[in-house]
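S.K.: Below is upload-v9.tsv; it holds TSV, C-alpha atoms.
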chain	number	residue	atom	x	y	z
A	1	MET	CA	0.00	0.00	0.00
A	2	GLN	CA	1.20	3.45	-0.86
A	3	LYS	CA	1.80	5.78	2.07
A	4	GLU	CA	1.13	9.47	1.81
A	5	ILE	CA	4.19	11.64	2.42
A	6	THR	CA	3.01	14.69	4.32
A	7	PHE	CA	4.91	17.94	4.70
A	8	ASP	CA	5.40	17.16	8.39
A	9	LYS	CA	7.04	13.79	7.61
A	10	LEU	CA	9.23	15.38	4.96
A	11	VAL	CA	10.42	18.03	7.42
A	12	ARG	CA	11.19	15.38	10.05
A	13	TRP	CA	13.13	13.24	7.53
A	14	VAL	CA	15.15	16.19	6.32
A	15	GLY	CA	15.77	17.26	9.91
A	16	ALA	CA	16.92	13.75	10.87
A	17	PHE	CA	19.22	13.60	7.83
A	18	LEU	CA	20.74	16.99	8.64
A	19	LEU	CA	21.17	15.98	12.28
A	20	ILE	CA	22.97	12.75	11.31
A	21	ALA	CA	25.17	14.67	8.86
A	22	ALA	CA	25.99	17.26	11.54
A	23	VAL	CA	26.87	14.55	14.08
A	24	LEU	CA	29.13	12.77	11.57
A	25	TYR	CA	30.85	16.04	10.67
A	26	LEU	CA	31.32	16.87	14.34
A	27	LEU	CA	32.79	13.43	15.03
A	28	SER	CA	35.16	13.84	12.07
A	29	TYR	CA	36.17	17.33	13.22
A	30	LEU	CA	36.75	16.19	16.81
A	31	SER	CA	38.27	12.81	15.91
A	32	SER	CA	41.71	13.74	17.26
A	33	VAL	CA	40.11	14.63	20.61
A	34	LEU	CA	37.62	11.76	20.77
A	35	LEU	CA	40.02	9.00	19.69
A	36	PRO	CA	41.95	8.93	23.01
A	37	PHE	CA	38.62	8.70	24.86
A	38	PHE	CA	37.35	5.77	22.78
A	39	ILE	CA	40.69	3.97	23.08
A	40	ALA	CA	40.61	4.55	26.83
A	41	TRP	CA	37.07	3.13	26.99
A	42	LEU	CA	38.20	0.03	25.05
A	43	PHE	CA	41.13	-0.52	27.42
A	44	ALA	CA	38.87	0.05	30.42
A	45	TYR	CA	36.45	-2.54	29.01
A	46	LEU	CA	39.30	-5.04	28.70
A	47	LEU	CA	40.79	-4.35	32.13
A	48	TYR	CA	37.56	-4.10	34.12
A	49	PRO	CA	37.26	-7.90	34.73
A	50	VAL	CA	40.81	-7.89	36.13
A	51	VAL	CA	40.07	-4.89	38.34
A	52	LYS	CA	36.88	-6.55	39.60
A	53	PHE	CA	38.70	-9.85	40.22
A	54	ILE	CA	41.43	-8.14	42.26
A	55	GLU	CA	38.83	-6.12	44.14
A	56	THR	CA	36.85	-9.26	45.01
A	57	LYS	CA	39.72	-11.60	45.91
A	58	THR	CA	41.81	-9.12	47.91
A	59	LYS	CA	38.80	-7.46	49.61
A	60	ILE	CA	40.12	-4.03	48.67
A	61	ARG	CA	37.50	-1.37	49.27
A	62	PHE	CA	39.19	1.38	47.28
A	63	ARG	CA	38.66	1.02	43.53
A	64	ALA	CA	41.61	3.34	42.81
A	65	LEU	CA	43.99	0.93	44.55
A	66	SER	CA	42.64	-2.02	42.53
A	67	ILE	CA	43.16	-0.04	39.32
A	68	ILE	CA	46.74	0.81	40.30
A	69	ILE	CA	47.47	-2.87	41.07
A	70	THR	CA	45.96	-3.91	37.72
A	71	LEU	CA	48.01	-1.36	35.79
A	72	THR	CA	51.13	-2.47	37.67
A	73	LEU	CA	50.49	-6.11	36.69
A	74	VAL	CA	49.94	-5.08	33.06
A	75	LEU	CA	53.21	-3.13	33.06
A	76	ILE	CA	55.02	-6.15	34.56
A	77	VAL	CA	53.65	-8.43	31.81
A	78	ILE	CA	54.63	-5.91	29.11
A	79	GLY	CA	58.07	-5.57	30.72
A	80	LEU	CA	58.58	-9.34	30.68
A	81	ILE	CA	57.60	-9.52	27.01
A	82	VAL	CA	59.98	-6.67	26.16
A	83	TYR	CA	62.70	-8.40	28.18
A	84	LEU	CA	62.22	-11.56	26.13
A	85	ILE	CA	62.47	-9.64	22.85
A	86	VAL	CA	64.66	-6.50	23.17
A	87	PRO	CA	67.84	-7.77	24.95
A	88	PRO	CA	68.21	-10.77	22.58
A	89	MET	CA	67.71	-8.41	19.64
A	90	ILE	CA	70.48	-6.12	20.97
A	91	GLU	CA	72.71	-9.15	21.38
A	92	GLN	CA	72.05	-10.12	17.76
A	93	PHE	CA	72.96	-6.59	16.63
A	94	GLN	CA	76.24	-6.88	18.51
A	95	LYS	CA	76.95	-10.20	16.81
A	96	LEU	CA	76.22	-8.60	13.45
A	97	TYR	CA	78.67	-5.79	14.23
A	98	VAL	CA	81.38	-8.33	15.10
A	99	ILE	CA	80.73	-10.25	11.88
A	100	LEU	CA	80.81	-7.08	9.76
A	101	ASN	CA	84.00	-5.96	11.48
A	102	GLN	CA	85.62	-9.33	10.75
A	103	TRP	CA	84.48	-9.11	7.13
A	104	VAL	CA	85.94	-5.60	6.71
A	105	ASN	CA	89.22	-6.68	8.32
A	106	THR	CA	89.45	-9.64	5.98
A	107	THR	CA	88.67	-7.71	2.82
A	108	THR	CA	90.68	-4.53	3.52
A	109	HIS	CA	93.64	-6.11	5.41
A	110	SER	CA	93.35	-3.37	8.01
A	111	ASN	CA	93.13	-3.53	11.77
A	112	ASN	CA	89.67	-2.01	12.16
A	113	ILE	CA	86.87	-0.17	10.43
A	114	SER	CA	88.05	3.32	11.40
A	115	GLU	CA	91.48	2.77	9.86
A	116	TRP	CA	89.90	1.47	6.68
A	117	VAL	CA	87.67	4.57	6.47
A	118	SER	CA	90.66	6.89	7.04
A	119	THR	CA	92.62	5.17	4.27
A	120	TRP	CA	89.68	5.46	1.87
A	121	ILE	CA	89.29	9.20	2.62
A	122	ALA	CA	93.00	9.82	2.05
A	123	ASP	CA	92.94	8.00	-1.27
A	124	ASN	CA	89.86	9.85	-2.50
A	125	GLN	CA	90.51	13.32	-1.01
A	126	LYS	CA	90.42	15.20	-4.33
A	127	GLN	CA	87.16	13.62	-5.43
A	128	ILE	CA	85.58	14.39	-2.03
A	129	GLU	CA	86.65	18.08	-2.16
A	130	LYS	CA	85.36	18.36	-5.73
A	131	PHE	CA	82.00	16.93	-4.67
A	132	PHE	CA	81.53	19.38	-1.75
A	133	THR	CA	82.33	22.39	-4.00
A	134	SER	CA	80.12	21.26	-6.87
A	135	PRO	CA	76.61	22.67	-7.60
A	136	ASP	CA	75.18	19.18	-7.09
A	137	PHE	CA	76.08	19.29	-3.40
A	138	THR	CA	74.50	22.75	-3.00
A	139	ASP	CA	71.30	21.54	-4.64
A	140	ALA	CA	71.31	18.49	-2.38
A	141	VAL	CA	71.59	20.69	0.71
A	142	LYS	CA	68.72	22.89	-0.49
A	143	SER	CA	66.52	19.86	-1.11
A	144	ALA	CA	67.45	18.39	2.29
A	145	ALA	CA	66.48	21.53	4.23
A	146	PRO	CA	62.69	21.00	3.90
A	147	LYS	CA	63.20	17.36	4.91
A	148	LEU	CA	64.98	18.54	8.04
A	149	PHE	CA	62.01	20.71	9.01
A	150	ASN	CA	59.75	17.77	8.22
A	151	PHE	CA	61.79	15.63	10.62
A	152	VAL	CA	61.42	18.32	13.31
A	153	GLY	CA	57.67	18.32	12.70
A	154	GLN	CA	57.59	14.54	13.06
A	155	THR	CA	59.47	14.83	16.34
A	156	ALA	CA	56.88	17.33	17.58
A	157	SER	CA	54.09	14.92	16.56
A	158	ILE	CA	55.79	12.17	18.58
A	159	VAL	CA	55.76	14.44	21.64
A	160	ILE	CA	52.08	15.18	21.03
A	161	SER	CA	51.42	11.43	20.75
A	162	ILE	CA	53.09	10.86	24.12
A	163	VAL	CA	50.89	13.55	25.68
A	164	ALA	CA	47.81	11.96	24.05
A	165	SER	CA	48.85	8.59	25.53
A	166	LEU	CA	49.01	10.12	29.00
A	167	ILE	CA	45.58	11.67	28.46
A	168	THR	CA	44.27	8.25	27.36
A	169	LEU	CA	45.70	6.68	30.53
A	170	LEU	CA	43.98	9.37	32.61
A	171	TYR	CA	40.66	8.79	30.81
A	172	MET	CA	40.97	5.04	31.39
A	173	PHE	CA	41.64	5.52	35.11
A	174	PHE	CA	38.53	7.66	35.65
A	175	ILE	CA	36.35	5.38	33.49
A	176	LEU	CA	37.41	2.36	35.56
A	177	LEU	CA	36.80	4.33	38.73
A	178	ASP	CA	33.06	4.65	37.96
A	179	TYR	CA	32.69	1.86	35.41
A	180	GLU	CA	29.43	0.41	36.76
A	181	TYR	CA	27.72	3.81	36.95
A	182	LEU	CA	28.80	4.78	33.43
A	183	SER	CA	27.88	1.44	31.87
A	184	GLU	CA	24.43	1.43	33.49
A	185	ASN	CA	23.47	5.10	33.02
A	186	TRP	CA	24.86	6.04	29.59
A	187	ILE	CA	21.51	5.05	28.06
A	188	ARG	CA	19.89	8.11	29.66
A	189	ILE	CA	21.36	10.39	26.99
A	190	PHE	CA	18.73	9.01	24.56
A	191	PRO	CA	14.94	9.60	24.63
A	192	LYS	CA	12.96	6.88	26.40
A	193	LYS	CA	11.43	5.62	23.15
A	194	GLN	CA	14.88	5.01	21.66
A	195	ARG	CA	16.42	3.36	24.73
A	196	PRO	CA	15.35	-0.25	23.95
A	197	PHE	CA	17.03	-0.07	20.52
A	198	TRP	CA	20.28	1.31	21.92
A	199	THR	CA	20.23	-1.19	24.77
A	200	GLU	CA	19.95	-4.09	22.31
A	201	LEU	CA	22.65	-2.53	20.15
A	202	MET	CA	25.15	-2.27	23.00
A	203	ASP	CA	24.31	-5.78	24.20
A	204	ASP	CA	25.16	-7.06	20.72
A	205	VAL	CA	28.34	-4.97	20.64
A	206	ALA	CA	29.47	-6.36	24.00
A	207	ARG	CA	28.68	-9.94	22.95
A	208	GLU	CA	30.50	-9.70	19.62
A	209	LEU	CA	33.45	-7.89	21.17
A	210	ASN	CA	33.80	-10.62	23.81
A	211	ASN	CA	33.65	-13.31	21.12
A	212	TYR	CA	36.23	-11.48	19.01
A	213	ILE	CA	38.70	-10.91	21.87
A	214	ARG	CA	38.51	-14.52	23.03
A	215	GLY	CA	38.69	-15.92	19.51
A	216	GLN	CA	41.49	-13.71	18.17
A	217	GLY	CA	43.48	-14.12	21.36
A	218	LEU	CA	43.30	-17.91	20.99
A	219	VAL	CA	44.27	-17.70	17.29
A	220	ALA	CA	47.26	-15.47	18.17
A	221	LEU	CA	48.31	-17.91	20.91
A	222	CYS	CA	48.20	-20.88	18.50
A	223	MET	CA	50.15	-18.96	15.86
A	224	GLY	CA	52.80	-17.84	18.37
A	225	ILE	CA	53.26	-21.44	19.60
A	226	MET	CA	53.62	-22.74	16.03
A	227	PHE	CA	56.25	-20.12	15.18
A	228	CYS	CA	58.17	-20.78	18.41
A	229	ILE	CA	58.29	-24.50	17.59
A	230	GLY	CA	59.17	-23.91	13.93
A	231	PHE	CA	61.96	-21.41	14.58
A	232	SER	CA	63.37	-23.61	17.36
A	233	ILE	CA	63.52	-26.62	15.02
A	234	MET	CA	65.31	-24.43	12.43
A	235	ASP	CA	67.76	-23.27	15.15
A	236	PHE	CA	66.84	-19.72	14.21
A	237	PRO	CA	68.32	-16.84	16.23
A	238	MET	CA	65.93	-15.50	18.89
A	239	ALA	CA	63.42	-18.25	18.09
A	240	ILE	CA	61.20	-17.92	21.19
A	241	GLY	CA	61.27	-14.10	21.23
A	242	LEU	CA	60.42	-13.89	17.53
A	243	GLY	CA	57.56	-16.35	17.98
A	244	ILE	CA	56.16	-14.31	20.88
A	245	LEU	CA	56.45	-11.11	18.81
A	246	ILE	CA	54.54	-12.69	15.92
A	247	GLY	CA	51.83	-13.93	18.29
A	248	ILE	CA	51.40	-10.43	19.75
A	249	LEU	CA	51.25	-8.86	16.29
A	250	ASP	CA	48.56	-11.35	15.25
A	251	LEU	CA	46.19	-9.93	17.86
A	252	VAL	CA	45.41	-7.64	14.91
A	253	PRO	CA	44.70	-10.11	12.06
A	254	TYR	CA	47.48	-10.42	9.45
A	255	LEU	CA	49.63	-7.75	11.10
A	256	HIS	CA	52.18	-10.48	11.83
A	257	THR	CA	53.37	-10.29	8.20
A	258	PHE	CA	55.43	-7.25	9.24
A	259	ALA	CA	57.54	-9.68	11.27
A	260	LEU	CA	59.17	-10.70	7.97
A	261	ILE	CA	61.42	-7.62	8.36
A	262	PRO	CA	63.17	-8.75	11.59
A	263	THR	CA	63.04	-12.31	10.24
A	264	ALA	CA	65.09	-11.26	7.20
A	265	PHE	CA	67.63	-9.55	9.48
A	266	LEU	CA	67.95	-12.64	11.70
A	267	ALA	CA	68.27	-14.87	8.62
A	268	MET	CA	71.14	-12.67	7.41
A	269	LEU	CA	72.77	-12.98	10.82
A	270	LYS	CA	72.39	-16.77	10.86
A	271	ALA	CA	73.81	-17.04	7.34
A	272	ALA	CA	76.79	-14.83	8.20
A	273	SER	CA	77.59	-16.67	11.44
A	274	THR	CA	77.19	-20.22	10.10
A	275	GLY	CA	78.37	-19.75	6.52
A	276	GLN	CA	75.03	-20.90	5.07
A	277	ASN	CA	73.45	-19.34	2.02
A	278	PHE	CA	71.25	-16.37	3.04
A	279	TRP	CA	68.52	-17.11	0.50
A	280	MET	CA	68.28	-20.69	1.70
A	281	VAL	CA	67.93	-19.62	5.35
A	282	PHE	CA	65.46	-16.85	4.54
A	283	GLY	CA	63.58	-19.15	2.17
A	284	LEU	CA	63.10	-21.68	4.98
A	285	ALA	CA	61.80	-18.90	7.25
A	286	VAL	CA	59.38	-17.70	4.56
A	287	GLY	CA	58.32	-21.31	4.06
A	288	LEU	CA	57.53	-21.51	7.77
A	289	PHE	CA	55.42	-18.35	7.44
A	290	ILE	CA	53.51	-19.90	4.52
A	291	VAL	CA	52.93	-23.24	6.30
A	292	VAL	CA	51.76	-21.58	9.54
A	293	GLN	CA	49.53	-19.17	7.59
A	294	ILE	CA	47.93	-22.05	5.67
A	295	ILE	CA	47.32	-24.00	8.89
A	296	THR	CA	45.91	-20.88	10.55
A	297	ASP	CA	43.62	-19.92	7.63
A	298	LEU	CA	42.37	-23.43	6.85
A	299	ILE	CA	42.13	-24.97	10.31
A	300	VAL	CA	42.68	-22.62	13.27
A	301	THR	CA	40.78	-19.49	12.17
A	302	PRO	CA	37.68	-21.27	10.76
A	303	LYS	CA	37.45	-23.48	13.85
A	304	ILE	CA	37.93	-20.67	16.38
A	305	MET	CA	36.89	-17.38	14.76
A	306	GLY	CA	34.29	-18.93	12.48
A	307	LYS	CA	32.60	-20.43	15.51
A	308	ALA	CA	33.04	-17.34	17.69
A	309	MET	CA	32.09	-14.72	15.08
A	310	ARG	CA	29.97	-16.92	12.78
A	311	LEU	CA	31.74	-15.54	9.68
A	312	ASN	CA	33.06	-17.32	6.59
A	313	PRO	CA	36.87	-16.95	6.12
A	314	ALA	CA	36.27	-15.06	2.84
A	315	ILE	CA	34.02	-12.61	4.69
A	316	LEU	CA	36.72	-12.27	7.36
A	317	LEU	CA	39.30	-11.20	4.77
A	318	LEU	CA	36.83	-8.87	3.00
A	319	SER	CA	35.81	-7.15	6.26
A	320	LEU	CA	39.48	-6.62	7.20
A	321	SER	CA	40.22	-5.09	3.80
A	322	VAL	CA	37.17	-2.78	3.78
A	323	TRP	CA	37.34	-1.47	7.35
A	324	GLY	CA	41.14	-1.28	7.24
A	325	SER	CA	41.00	0.94	4.15
A	326	ILE	CA	38.36	3.17	5.76
A	327	PHE	CA	39.68	3.55	9.33
A	328	GLY	CA	43.29	2.36	8.97
A	329	PHE	CA	44.84	0.51	11.91
A	330	ILE	CA	41.78	1.02	14.13
A	331	GLY	CA	39.65	-0.46	11.32
A	332	LEU	CA	41.60	-3.72	11.49
A	333	ILE	CA	40.81	-3.98	15.19
A	334	ILE	CA	37.06	-3.29	14.91
A	335	ALA	CA	36.51	-5.01	11.53
A	336	LEU	CA	35.21	-8.41	12.68
A	337	PRO	CA	32.93	-7.27	15.53
A	338	LEU	CA	31.52	-4.45	13.39
A	339	THR	CA	30.88	-6.74	10.40
A	340	THR	CA	29.13	-9.31	12.57
A	341	LEU	CA	27.04	-6.58	14.20
A	342	ILE	CA	25.97	-5.13	10.83
A	343	MET	CA	25.01	-8.59	9.54
A	344	ALA	CA	23.02	-9.32	12.71
A	345	TYR	CA	21.05	-6.08	12.43
A	346	TRP	CA	20.53	-6.55	8.70
A	347	LYS	CA	18.85	-9.89	9.48
A	348	ARG	CA	16.87	-8.44	12.38
A	349	TYR	CA	15.57	-5.18	10.92
A	350	VAL	CA	15.90	-5.45	7.11
A	351	THR	CA	15.29	-9.05	6.07
A	352	ARG	CA	13.26	-9.73	9.27
A	353	GLU	CA	14.83	-13.18	9.70
A	354	THR	CA	14.26	-14.94	12.98
A	355	GLY	CA	17.21	-15.47	15.26
A	356	GLY	CA	18.87	-12.10	14.66
A	357	ASN	CA	21.80	-13.09	16.84
A	358	SER	CA	22.83	-16.00	14.62
Is it possible to express this structure as structure tokens?
M.R.:
Amino acid sequence: MQKEITFDKLVRWVGAFLLIAAVLYLLSYLSSVLLPFFIAWLFAYLLYPVVKFIETKTKIRFRALSIIITLTLVLIVIGLIVYLIVPPMIEQFQKLYVILNQWVNTTTHSNNISEWVSTWIADNQKQIEKFFTSPDFTDAVKSAAPKLFNFVGQTASIVISIVASLITLLYMFFILLDYEYLSENWIRIFPKKQRPFWTELMDDVARELNNYIRGQGLVALCMGIMFCIGFSIMDFPMAIGLGILIGILDLVPYLHTFALIPTAFLAMLKAASTGQNFWMVFGLAVGLFIVVQIITDLIVTPKIMGKAMRLNPAILLLSLSVWGSIFGFIGLIIALPLTTLIMAYWKRYVTRETGGNS
């Protein structure tokens, strides 16, 4: 049946559209301010069960003290992970320096690198002076000046990022301090007629976020264990630390591929120290990546994430690509819960299928 569109309905539709557009514009304009708050709320959501557990088991009456203990435990865990990764990496850099120094000594028949450099400068003094007085050097300096200012600007942005991190930590502390009150009373910002919808929405968000965190955490754990075993069998430098690093990176799906960079460096170190061919060592490491990725995509992810998020592996990859291209790094984190939520509400309110949570 055709419905009559009255002037009153048209005005309300236009008003609602303009209001939504204004809210989206405001969120975009204030994104740099709101992002630390949303990140803090996500961290508070993740840490609240730990805070509540400590508060219950230790009988601590002051929530602030429970939060401080929780943050201290988190810092200890992060410190242990860094201890397992950074010192071995520094040790590998030192080994690389020794190997390079030995290589230079062998090829230049000199006592050390500094003597070899001095000899090279003395032999090429005229060419060096000619280069510094040539127009090409002047042009290079002029082109490098803007890059220097760009570097200074990047340094300033790093300082601003540190300040934003401290603000995020402060937000998280105060959110955890009154977590129950905030989680139970946020719904009051909406009109009473709209509250049931928003309540259902947030219940679905919480459910899907819990499923995602549990599922992706288990996938990352399985992947980290497989890499630790594989690198240990290969007698790869820093095998356990590299496996732990890859597992942590995989908390964001497919981010662990960036671990190929330190893997290439460690393969070069292993080849230099043992006399093996670099491409053979690196090829074995890449082969391990391929085997673990195939096992993860065909067995681990479908069994764990497919069951937790109820998504086909192809849909998983598509959602990561779409939301990652829209929101960047944050999009990779929220891709799977957001995709599942959209599909659930499409079934519930558009196609009117029963069992909207399936």
S.K.: To one decimal place, how far is CA of Leu170 (chain A) from CA of Val86 (chain A) in Å?
M.R.: 27.7 Å
S.K.: Tell me, in Å to one decimal, how far CA of Leu46 (chain A) is from CA of Ile295 (chain A).
M.R.: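 Between CA of Leu46 (chain A) and CA of Ile295 (chain A) the gap works out to 28.6 Å.
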S.K.: Just give me the gap between CA of Ile76 (chain A) and CA of Arg63 (chain A) in Å, one decimal is fine.
M.R.: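 That distance, rounded to one decimal, is 20.0 Å.
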S.K.: Taking (24.6, -0.8, 25.0) in the file's coordinates, which residues come within 12 Å, counting all atoms listed in the file, written as a PDB file with C-alpha atoms, in the frame of the given file?
M.R.:
ATOM      1  CA  LEU A 182      28.800   4.780  33.430  1.00  0.00           C
ATOM      2  CA  SER A 183      27.880   1.440  31.870  1.00  0.00           C
ATOM      3  CA  GLU A 184      24.430   1.430  33.490  1.00  0.00           C
ATOM      4  CA  ASN A 185      23.470   5.100  33.020  1.00  0.00           C
ATOM      5  CA  TRP A 186      24.860   6.040  29.590  1.00  0.00           C
ATOM      6  CA  ILE A 187      21.510   5.050  28.060  1.00  0.00           C
ATOM      7  CA  ARG A 188      19.890   8.110  29.660  1.00  0.00           C
ATOM      8  CA  ILE A 189      21.360  10.390  26.990  1.00  0.00           C
ATOM      9  CA  PHE A 190      18.730   9.010  24.560  1.00  0.00           C
ATOM     10  CA  GLN A 194      14.880   5.010  21.660  1.00  0.00           C
ATOM     11  CA  ARG A 195      16.420   3.360  24.730  1.00  0.00           C
ATOM     12  CA  PRO A 196      15.350  -0.250  23.950  1.00  0.00           C
ATOM     13  CA  PHE A 197      17.030  -0.070  20.520  1.00  0.00           C
ATOM     14  CA  TRP A 198      20.280   1.310  21.920  1.00  0.00           C
ATOM     15  CA  THR A 199      20.230  -1.190  24.770  1.00  0.00           C
ATOM     16  CA  GLU A 200      19.950  -4.090  22.310  1.00  0.00           C
ATOM     17  CA  LEU A 201      22.650  -2.530  20.150  1.00  0.00           C
ATOM     18  CA  MET A 202      25.150  -2.270  23.000  1.00  0.00           C
ATOM     19  CA  ASP A 203      24.310  -5.780  24.200  1.00  0.00           C
ATOM     20  CA  ASP A 204      25.160  -7.060  20.720  1.00  0.00           C
ATOM     21  CA  VAL A 205      28.340  -4.970  20.640  1.00  0.00           C
ATOM     22  CA  ALA A 206      29.470  -6.360  24.000  1.00  0.00           C
ATOM     23  CA  ARG A 207      28.680  -9.940  22.950  1.00  0.00           C
ATOM     24  CA  GLU A 208      30.500  -9.700  19.620  1.00  0.00           C
ATOM     25  CA  LEU A 209      33.450  -7.890  21.170  1.00  0.00           C
TER      26      LEU A 209
END
S.K.: So that I can check the surroundings of Met172 (chain A), please list as a PyMOL selection string every protein, DNA and RNA residue that reaches within 6 Å of it, counting all atoms listed in the file and ignoring chain neighbours fewer than 2 positions away.
M.R.: chain A and resi 40+44+169-170+174-175
S.K.: Identify which of the residues A:Ile326, A:Ala335, A:Pro88, A:Ile213 lies closest to Leu266 (chain A), counting only C-alpha atoms when measuring atom-to-atom distances.
M.R.: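 The closest residue to Leu266 (chain A) is A:Pro88.
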